[in-house]
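Structure below is run-v5.pdb: PDB, C-alpha atoms, pLDDT in the B column.
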ATOM      1  CA  MET M   1     132.594 163.954 132.118  1.00 69.00           C
ATOM      2  CA  SER M   2     132.075 163.858 128.354  1.00 79.00           C
ATOM      3  CA  ASP M   3     129.422 165.867 126.533  1.00 84.00           C
ATOM      4  CA  ALA M   4     127.609 162.636 125.689  1.00 85.00           C
ATOM      5  CA  GLU M   5     127.394 161.680 129.363  1.00 91.00           C
ATOM      6  CA  THR M   6     126.211 165.147 130.346  1.00 94.00           C
ATOM      7  CA  ASN M   7     123.573 164.967 127.644  1.00 93.00           C
ATOM      8  CA  ILE M   8     122.378 161.564 128.917  1.00 96.00           C
ATOM      9  CA  GLN M   9     122.222 162.774 132.507  1.00 96.00           C
ATOM     10  CA  ASN M  10     120.251 165.820 131.412  1.00 96.00           C
ATOM     11  CA  GLN M  11     117.821 163.620 129.505  1.00 96.00           C
ATOM     12  CA  ILE M  12     117.377 161.296 132.498  1.00 97.00           C
ATOM     13  CA  ALA M  13     116.732 164.270 134.761  1.00 97.00           C
ATOM     14  CA  SER M  14     114.322 165.929 132.332  1.00 97.00           C
ATOM     15  CA  ALA M  15     111.267 163.904 133.414  1.00 97.00           C
ATOM     16  CA  ASP M  16     110.226 161.435 136.141  1.00 97.00           C
ATOM     17  CA  VAL M  17     109.847 158.626 133.625  1.00 98.00           C
ATOM     18  CA  VAL M  18     112.180 158.613 130.629  1.00 98.00           C
ATOM     19  CA  LEU M  19     112.227 155.929 127.961  1.00 98.00           C
ATOM     20  CA  PHE M  20     115.227 155.736 125.651  1.00 98.00           C
ATOM     21  CA  MET M  21     113.745 154.116 122.597  1.00 98.00           C
ATOM     22  CA  LYS M  22     113.951 153.614 118.847  1.00 97.00           C
ATOM     23  CA  GLY M  23     111.401 155.918 117.279  1.00 97.00           C
ATOM     24  CA  THR M  24     108.849 157.974 119.163  1.00 97.00           C
ATOM     25  CA  PRO M  25     106.022 156.960 121.517  1.00 97.00           C
ATOM     26  CA  VAL M  26     103.553 157.650 118.704  1.00 96.00           C
ATOM     27  CA  PHE M  27     105.635 155.890 116.087  1.00 96.00           C
ATOM     28  CA  PRO M  28     107.987 153.307 117.601  1.00 96.00           C
ATOM     29  CA  GLN M  29     110.437 151.909 115.070  1.00 96.00           C
ATOM     30  CA  CYS M  30     111.277 148.704 116.897  1.00 93.00           C
ATOM     31  CA  GLY M  31     109.020 146.033 118.355  1.00 93.00           C
ATOM     32  CA  PHE M  32     110.750 146.022 121.740  1.00 93.00           C
ATOM     33  CA  SER M  33     110.458 149.785 122.128  1.00 96.00           C
ATOM     34  CA  GLY M  34     106.829 149.503 121.020  1.00 97.00           C
ATOM     35  CA  GLN M  35     106.069 146.938 123.710  1.00 97.00           C
ATOM     36  CA  VAL M  36     107.344 149.169 126.499  1.00 98.00           C
ATOM     37  CA  VAL M  37     105.374 152.127 125.114  1.00 98.00           C
ATOM     38  CA  GLN M  38     102.250 149.963 125.137  1.00 97.00           C
ATOM     39  CA  ILE M  39     102.818 148.808 128.711  1.00 97.00           C
ATOM     40  CA  LEU M  40     103.438 152.339 130.012  1.00 97.00           C
ATOM     41  CA  SER M  41     100.389 153.617 128.154  1.00 96.00           C
ATOM     42  CA  HIS M  42      98.279 150.750 129.463  1.00 95.00           C
ATOM     43  CA  VAL M  43      99.343 151.455 133.038  1.00 95.00           C
ATOM     44  CA  GLY M  44      98.578 155.132 132.381  1.00 94.00           C
ATOM     45  CA  ILE M  45     101.996 156.511 133.216  1.00 94.00           C
ATOM     46  CA  PRO M  46     103.080 159.701 131.464  1.00 95.00           C
ATOM     47  CA  PHE M  47     106.612 159.371 130.154  1.00 97.00           C
ATOM     48  CA  LYS M  48     109.082 161.135 127.953  1.00 97.00           C
ATOM     49  CA  GLY M  49     110.368 159.213 124.943  1.00 98.00           C
ATOM     50  CA  VAL M  50     113.904 159.924 123.783  1.00 97.00           C
ATOM     51  CA  ASN M  51     114.542 158.735 120.239  1.00 98.00           C
ATOM     52  CA  VAL M  52     118.064 157.322 120.074  1.00 97.00           C
ATOM     53  CA  LEU M  53     117.840 156.942 116.293  1.00 97.00           C
ATOM     54  CA  GLU M  54     118.188 160.720 116.006  1.00 96.00           C
ATOM     55  CA  ASP M  55     121.567 160.747 117.704  1.00 94.00           C
ATOM     56  CA  ASP M  56     124.258 158.112 117.153  1.00 94.00           C
ATOM     57  CA  GLU M  57     126.302 159.340 120.097  1.00 94.00           C
ATOM     58  CA  LEU M  58     123.298 158.913 122.354  1.00 95.00           C
ATOM     59  CA  ARG M  59     122.439 155.518 120.846  1.00 94.00           C
ATOM     60  CA  GLU M  60     125.859 154.099 121.753  1.00 94.00           C
ATOM     61  CA  GLY M  61     126.423 156.282 124.812  1.00 95.00           C
ATOM     62  CA  ILE M  62     123.325 155.127 126.663  1.00 96.00           C
ATOM     63  CA  LYS M  63     124.459 151.491 126.372  1.00 94.00           C
ATOM     64  CA  VAL M  64     127.753 152.293 128.069  1.00 93.00           C
ATOM     65  CA  PHE M  65     126.140 154.626 130.586  1.00 95.00           C
ATOM     66  CA  SER M  66     123.632 151.992 131.765  1.00 96.00           C
ATOM     67  CA  ASN M  67     125.943 148.997 131.200  1.00 94.00           C
ATOM     68  CA  TRP M  68     123.073 147.596 129.165  1.00 94.00           C
ATOM     69  CA  PRO M  69     123.530 146.337 125.608  1.00 92.00           C
ATOM     70  CA  THR M  70     120.104 147.018 124.166  1.00 92.00           C
ATOM     71  CA  ILE M  71     117.411 149.623 123.659  1.00 95.00           C
ATOM     72  CA  PRO M  72     114.758 150.377 124.975  1.00 96.00           C
ATOM     73  CA  GLN M  73     115.900 151.452 128.432  1.00 98.00           C
ATOM     74  CA  LEU M  74     113.583 152.831 131.083  1.00 98.00           C
ATOM     75  CA  TYR M  75     114.639 155.326 133.740  1.00 98.00           C
ATOM     76  CA  VAL M  76     112.381 156.295 136.641  1.00 97.00           C
ATOM     77  CA  LYS M  77     113.445 159.242 138.804  1.00 97.00           C
ATOM     78  CA  GLY M  78     117.009 158.810 137.651  1.00 96.00           C
ATOM     79  CA  GLU M  79     117.122 155.077 138.337  1.00 96.00           C
ATOM     80  CA  PHE M  80     117.627 152.504 135.575  1.00 97.00           C
ATOM     81  CA  VAL M  81     114.727 150.050 135.811  1.00 97.00           C
ATOM     82  CA  GLY M  82     115.476 147.792 132.886  1.00 97.00           C
ATOM     83  CA  GLY M  83     114.827 146.970 129.269  1.00 96.00           C
ATOM     84  CA  CYS M  84     111.904 145.370 127.504  1.00 95.00           C
ATOM     85  CA  ASP M  85     112.113 141.946 129.200  1.00 95.00           C
ATOM     86  CA  ILE M  86     112.246 143.369 132.718  1.00 96.00           C
ATOM     87  CA  ILE M  87     109.465 145.898 132.170  1.00 97.00           C
ATOM     88  CA  ARG M  88     107.264 143.207 130.637  1.00 96.00           C
ATOM     89  CA  GLU M  89     107.996 140.813 133.497  1.00 95.00           C
ATOM     90  CA  MET M  90     107.277 143.508 136.102  1.00 96.00           C
ATOM     91  CA  PHE M  91     104.020 144.303 134.322  1.00 97.00           C
ATOM     92  CA  GLU M  92     102.958 140.649 134.066  1.00 96.00           C
ATOM     93  CA  GLU M  93     103.831 139.988 137.702  1.00 95.00           C
ATOM     94  CA  GLY M  94     101.827 143.041 138.772  1.00 96.00           C
ATOM     95  CA  GLU M  95     104.966 144.710 140.138  1.00 96.00           C
ATOM     96  CA  LEU M  96     105.167 147.701 137.824  1.00 96.00           C
ATOM     97  CA  ARG M  97     102.398 149.818 139.294  1.00 95.00           C
ATOM     98  CA  PRO M  98     103.453 149.266 142.937  1.00 95.00           C
ATOM     99  CA  TYR M  99     107.035 150.067 141.954  1.00 96.00           C
ATOM    100  CA  LEU M 100     105.951 153.337 140.331  1.00 96.00           C
ATOM    101  CA  SER M 101     103.714 154.237 143.294  1.00 95.00           C
ATOM    102  CA  GLU M 102     106.638 153.656 145.598  1.00 95.00           C
ATOM    103  CA  LYS M 103     108.545 156.177 143.493  1.00 95.00           C
ATOM    104  CA  GLY M 104     105.676 158.630 143.879  1.00 94.00           C
ATOM    105  CA  ILE M 105     104.404 158.249 140.329  1.00 94.00           C
ATOM    106  CA  GLU M 106     100.682 157.675 139.942  1.00 89.00           C
ATOM    107  CA  PRO M 107      98.717 156.811 136.823  1.00 87.00           C
ATOM    108  CA  VAL M 108      96.778 159.534 135.057  1.00 84.00           C
ATOM    109  CA  ASP M 109      93.222 158.713 134.025  1.00 65.00           C
ATOM    110  CA  GLY M 110      93.073 158.877 130.306  1.00 51.00           C
TER     111      GLY M 110
ATOM    112  CA  MET X   1     126.852 135.959 112.328  1.00 58.00           C
ATOM    113  CA  PRO X   2     124.126 134.075 114.171  1.00 73.00           C
ATOM    114  CA  MET X   3     125.007 132.183 117.311  1.00 80.00           C
ATOM    115  CA  SER X   4     124.022 128.551 117.829  1.00 87.00           C
ATOM    116  CA  THR X   5     121.903 127.452 120.767  1.00 90.00           C
ATOM    117  CA  GLY X   6     124.828 125.349 122.030  1.00 91.00           C
ATOM    118  CA  GLU X   7     127.261 128.230 121.821  1.00 91.00           C
ATOM    119  CA  LEU X   8     124.854 130.499 123.653  1.00 91.00           C
ATOM    120  CA  GLU X   9     124.291 127.950 126.422  1.00 94.00           C
ATOM    121  CA  GLN X  10     128.015 127.286 126.740  1.00 94.00           C
ATOM    122  CA  LYS X  11     128.813 130.981 127.165  1.00 93.00           C
ATOM    123  CA  ILE X  12     126.210 131.371 129.877  1.00 95.00           C
ATOM    124  CA  ARG X  13     127.348 128.202 131.635  1.00 95.00           C
ATOM    125  CA  GLN X  14     130.956 129.361 131.646  1.00 94.00           C
ATOM    126  CA  ALA X  15     129.968 132.371 133.723  1.00 94.00           C
ATOM    127  CA  LEU X  16     127.254 130.646 135.756  1.00 96.00           C
ATOM    128  CA  PRO X  17     128.307 126.991 136.156  1.00 96.00           C
ATOM    129  CA  ASP X  18     125.346 126.040 138.344  1.00 96.00           C
ATOM    130  CA  ALA X  19     122.762 127.507 135.993  1.00 96.00           C
ATOM    131  CA  GLU X  20     119.711 125.748 134.686  1.00 96.00           C
ATOM    132  CA  ILE X  21     119.440 127.093 131.167  1.00 96.00           C
ATOM    133  CA  GLU X  22     116.517 126.761 128.837  1.00 96.00           C
ATOM    134  CA  ILE X  23     116.939 128.257 125.405  1.00 94.00           C
ATOM    135  CA  THR X  24     114.334 128.575 122.693  1.00 93.00           C
ATOM    136  CA  ASP X  25     115.214 129.600 119.163  1.00 90.00           C
ATOM    137  CA  LEU X  26     112.160 131.725 118.535  1.00 88.00           C
ATOM    138  CA  ARG X  27     112.330 131.901 114.758  1.00 86.00           C
ATOM    139  CA  GLY X  28     114.731 129.095 113.933  1.00 83.00           C
ATOM    140  CA  ASP X  29     117.171 131.650 112.528  1.00 80.00           C
ATOM    141  CA  GLY X  30     119.849 131.534 115.238  1.00 78.00           C
ATOM    142  CA  ASP X  31     119.265 135.214 115.859  1.00 79.00           C
ATOM    143  CA  HIS X  32     116.149 135.509 118.003  1.00 85.00           C
ATOM    144  CA  TYR X  33     116.329 133.583 121.235  1.00 90.00           C
ATOM    145  CA  ALA X  34     114.467 133.353 124.482  1.00 93.00           C
ATOM    146  CA  ALA X  35     116.486 132.169 127.467  1.00 95.00           C
ATOM    147  CA  HIS X  36     115.373 131.259 130.950  1.00 96.00           C
ATOM    148  CA  VAL X  37     118.321 131.139 133.312  1.00 97.00           C
ATOM    149  CA  VAL X  38     118.070 129.936 136.896  1.00 97.00           C
ATOM    150  CA  SER X  39     121.140 130.317 139.101  1.00 97.00           C
ATOM    151  CA  ALA X  40     121.981 130.645 142.772  1.00 97.00           C
ATOM    152  CA  ALA X  41     124.404 133.394 141.735  1.00 96.00           C
ATOM    153  CA  PHE X  42     121.361 135.635 141.219  1.00 97.00           C
ATOM    154  CA  ILE X  43     120.362 135.503 144.884  1.00 96.00           C
ATOM    155  CA  GLY X  44     120.328 138.975 146.402  1.00 96.00           C
ATOM    156  CA  LYS X  45     120.742 140.671 143.027  1.00 96.00           C
ATOM    157  CA  THR X  46     118.238 142.962 141.331  1.00 95.00           C
ATOM    158  CA  ARG X  47     116.753 141.914 137.990  1.00 95.00           C
ATOM    159  CA  VAL X  48     118.925 144.473 136.262  1.00 97.00           C
ATOM    160  CA  GLN X  49     122.044 142.999 137.896  1.00 97.00           C
ATOM    161  CA  GLN X  50     120.948 139.441 137.021  1.00 97.00           C
ATOM    162  CA  HIS X  51     120.485 140.351 133.368  1.00 96.00           C
ATOM    163  CA  GLN X  52     123.780 142.240 133.362  1.00 95.00           C
ATOM    164  CA  MET X  53     125.511 139.053 134.568  1.00 95.00           C
ATOM    165  CA  VAL X  54     124.105 137.101 131.632  1.00 95.00           C
ATOM    166  CA  TYR X  55     124.959 139.856 129.134  1.00 92.00           C
ATOM    167  CA  GLN X  56     128.470 139.927 130.596  1.00 91.00           C
ATOM    168  CA  ALA X  57     128.725 136.181 129.970  1.00 93.00           C
ATOM    169  CA  LEU X  58     127.885 136.783 126.324  1.00 90.00           C
ATOM    170  CA  ASN X  59     130.915 139.013 126.029  1.00 82.00           C
ATOM    171  CA  GLY X  60     129.368 141.834 124.071  1.00 76.00           C
ATOM    172  CA  GLY X  61     127.551 139.358 121.825  1.00 78.00           C
ATOM    173  CA  MET X  62     124.228 140.792 122.914  1.00 79.00           C
ATOM    174  CA  GLY X  63     123.324 143.756 120.774  1.00 71.00           C
ATOM    175  CA  GLY X  64     126.069 142.684 118.378  1.00 72.00           C
ATOM    176  CA  GLU X  65     126.105 139.244 116.753  1.00 75.00           C
ATOM    177  CA  LEU X  66     123.072 138.320 118.818  1.00 78.00           C
ATOM    178  CA  HIS X  67     120.218 140.500 117.745  1.00 73.00           C
ATOM    179  CA  ALA X  68     117.521 139.484 120.176  1.00 81.00           C
ATOM    180  CA  LEU X  69     117.594 137.541 123.391  1.00 88.00           C
ATOM    181  CA  ALA X  70     114.448 137.669 125.475  1.00 91.00           C
ATOM    182  CA  LEU X  71     115.825 137.019 128.907  1.00 94.00           C
ATOM    183  CA  GLN X  72     114.189 135.776 132.064  1.00 95.00           C
ATOM    184  CA  THR X  73     116.254 135.144 135.168  1.00 96.00           C
ATOM    185  CA  ASP X  74     115.301 133.447 138.408  1.00 96.00           C
ATOM    186  CA  THR X  75     116.837 132.119 141.568  1.00 95.00           C
ATOM    187  CA  PRO X  76     116.448 128.394 142.358  1.00 94.00           C
ATOM    188  CA  LYS X  77     113.231 127.460 144.092  1.00 85.00           C
ATOM    189  CA  THR X  78     113.837 126.170 147.567  1.00 71.00           C
ATOM    190  CA  ASP X  79     110.770 123.957 147.886  1.00 62.00           C
TER     191      ASP X  79
END
As structure tokens, the full file:
Amino acid sequence: MSDAETNIQNQIASADVVLFMKGTPVFPQCGFSGQVVQILSHVGIPFKGVNVLEDDELREGIKVFSNWPTIPQLYVKGEFVGGCDIIREMFEEGELRPYLSEKGIEPVDG
Amino acid sequence: MPMSTGELEQKIRQALPDAEIEITDLRGDGDHYAAHVVSAAFIGKTRVQQHQMVYQALNGGMGGELHALALQTDTPKTD
């Protein structure tokens, strides 16, 4: 396994909910990443943002790793859940919270 | 290089011949699209797998020449 892959696996394992994104949760640098941050914040789910703009190897590596051409990418307990469209659709259909509960992740009251 | 609506639809149809495809050019710039794709090939697949099938059809165009494609996939309604 390459260093890039090991790095990605370590990142995915570093928190229950990991969002590979452009920019940071506080300062997203792409509208699609920003939307997912907003949805996760709205649902009240703590997550770790990983800024792919800080690491070119990660930025390209995560696309290959997930077989997914775009960023953001959301991982929950090591499982790839989807990008912006899927997260938004799950949220709008009311599926996101039940999905997270099923994974043992509950919202935190802010 | 932007991709035309026709070209986009043709690529998806090549991979999913039965698909109902609805494409909207969100900004009229050939670079920001929304696509709704309905195909029986999606039955039994997760959303991630369904989207991967469409991205596969675009042959690496997504994230490359195609900057933004808001994608929604569904299976045919049986009613």
Using all atoms listed in the file, what table do you get, as a tab-separated table, when you list each residue of chain M with an atom no more than 10 Å from chain X, its nearest pair of atoms, and their distance in Å rounded to one decimal, rows by chain then rising number?
residue	atom	partner	partner_atom	distance
M:Phe32	CA	X:Ala68	CA	9.5
M:Lys63	CA	X:Gly63	CA	9.6
M:Ser66	CA	X:Gln52	CA	9.9
M:Asn67	CA	X:Gln52	CA	7.4
M:Trp68	CA	X:Gln52	CA	6.8
M:Pro69	CA	X:Gly63	CA	5.5
M:Thr70	CA	X:Gly63	CA	5.7
M:Ile71	CA	X:Gly63	CA	8.8
M:Phe80	CA	X:Val48	CA	8.2
M:Val81	CA	X:Val48	CA	7.0
M:Gly82	CA	X:Val48	CA	5.9
M:Gly83	CA	X:Val48	CA	8.5
M:Cys84	CA	X:Ala70	CA	8.4
M:Asp85	CA	X:Ala70	CA	6.1
M:Ile86	CA	X:Arg47	CA	7.1
M:Glu89	CA	X:Gln72	CA	8.1
M:Met90	CA	X:Arg47	CA	9.8
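Using all atoms listed in the file, the contacts of Asp29 in chain X at a cut-off of 12 Å, with sequence neighbours closer than 6 positions omitted, comprise Met1, Pro2, Met3, Ser4, Thr5, Leu66, His67 and Ala68 of chain X.
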Restricting it to C-alpha atoms, dump the selection as a short mmCIF file (atom, residue, chain, number, x, y, z; two decimals), in the coordinates of the input.
data_model
loop_
_atom_site.label_atom_id
_atom_site.label_comp_id
_atom_site.auth_asym_id
_atom_site.auth_seq_id
_atom_site.Cartn_x
_atom_site.Cartn_y
_atom_site.Cartn_z
CA MET X 1 126.85 135.96 112.33
CA PRO X 2 124.13 134.07 114.17
CA MET X 3 125.01 132.18 117.31
CA SER X 4 124.02 128.55 117.83
CA THR X 5 121.90 127.45 120.77
CA LEU X 66 123.07 138.32 118.82
CA HIS X 67 120.22 140.50 117.74
CA ALA X 68 117.52 139.48 120.18
#
Would you kindly translate the PyMOL selection byres ((chain M and resi 34) around 9) into the concrete residues it picks from this file, as JSON, numbers by chain?
{"M": [21, 22, 23, 24, 25, 27, 28, 29, 30, 31, 32, 33, 35, 36, 37, 38, 39, 72]}
Within 8 Å of range 16-27 of chain X, counting all atoms listed in the file, which residues show up once you throw out same-chain ones fewer than 6 positions away? Write them as a list in words, please.
Thr5, Glu9, Tyr33, Ala34, Ala35, His36, Val37, Val38, Ser39, Ala40 and Ala41 of chain X
What do you get, as a ChimeraX atom specification, if you spell out every residue that the PyMOL selection byres ((chain M and resi 5) around 12) selects here?
/M:1-4,6-12,57-66
Could you make a table, as CSV, of the residues of range 41-64 of chain M that have an atom within 12 Å of an atom of range 103-109 of chain M, each with its nearest atom pair and distance in Å to one decimal, counting all atoms listed in the file, in chain and number order?
residue,atom,partner,partner_atom,distance
M:Ser41,CA,M:Pro107,CA,9.4
M:His42,CA,M:Pro107,CA,9.5
M:Val43,CA,M:Pro107,CA,6.6
M:Gly44,CA,M:Pro107,CA,4.8
M:Ile45,CA,M:Pro107,CA,4.9
M:Pro46,CA,M:Val108,CA,7.3
M:Phe47,CA,M:Ile105,CA,10.5
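Here CA of Tyr99 in chain M stands at a distance of 9.8 Å from CA of Val76 in chain M.
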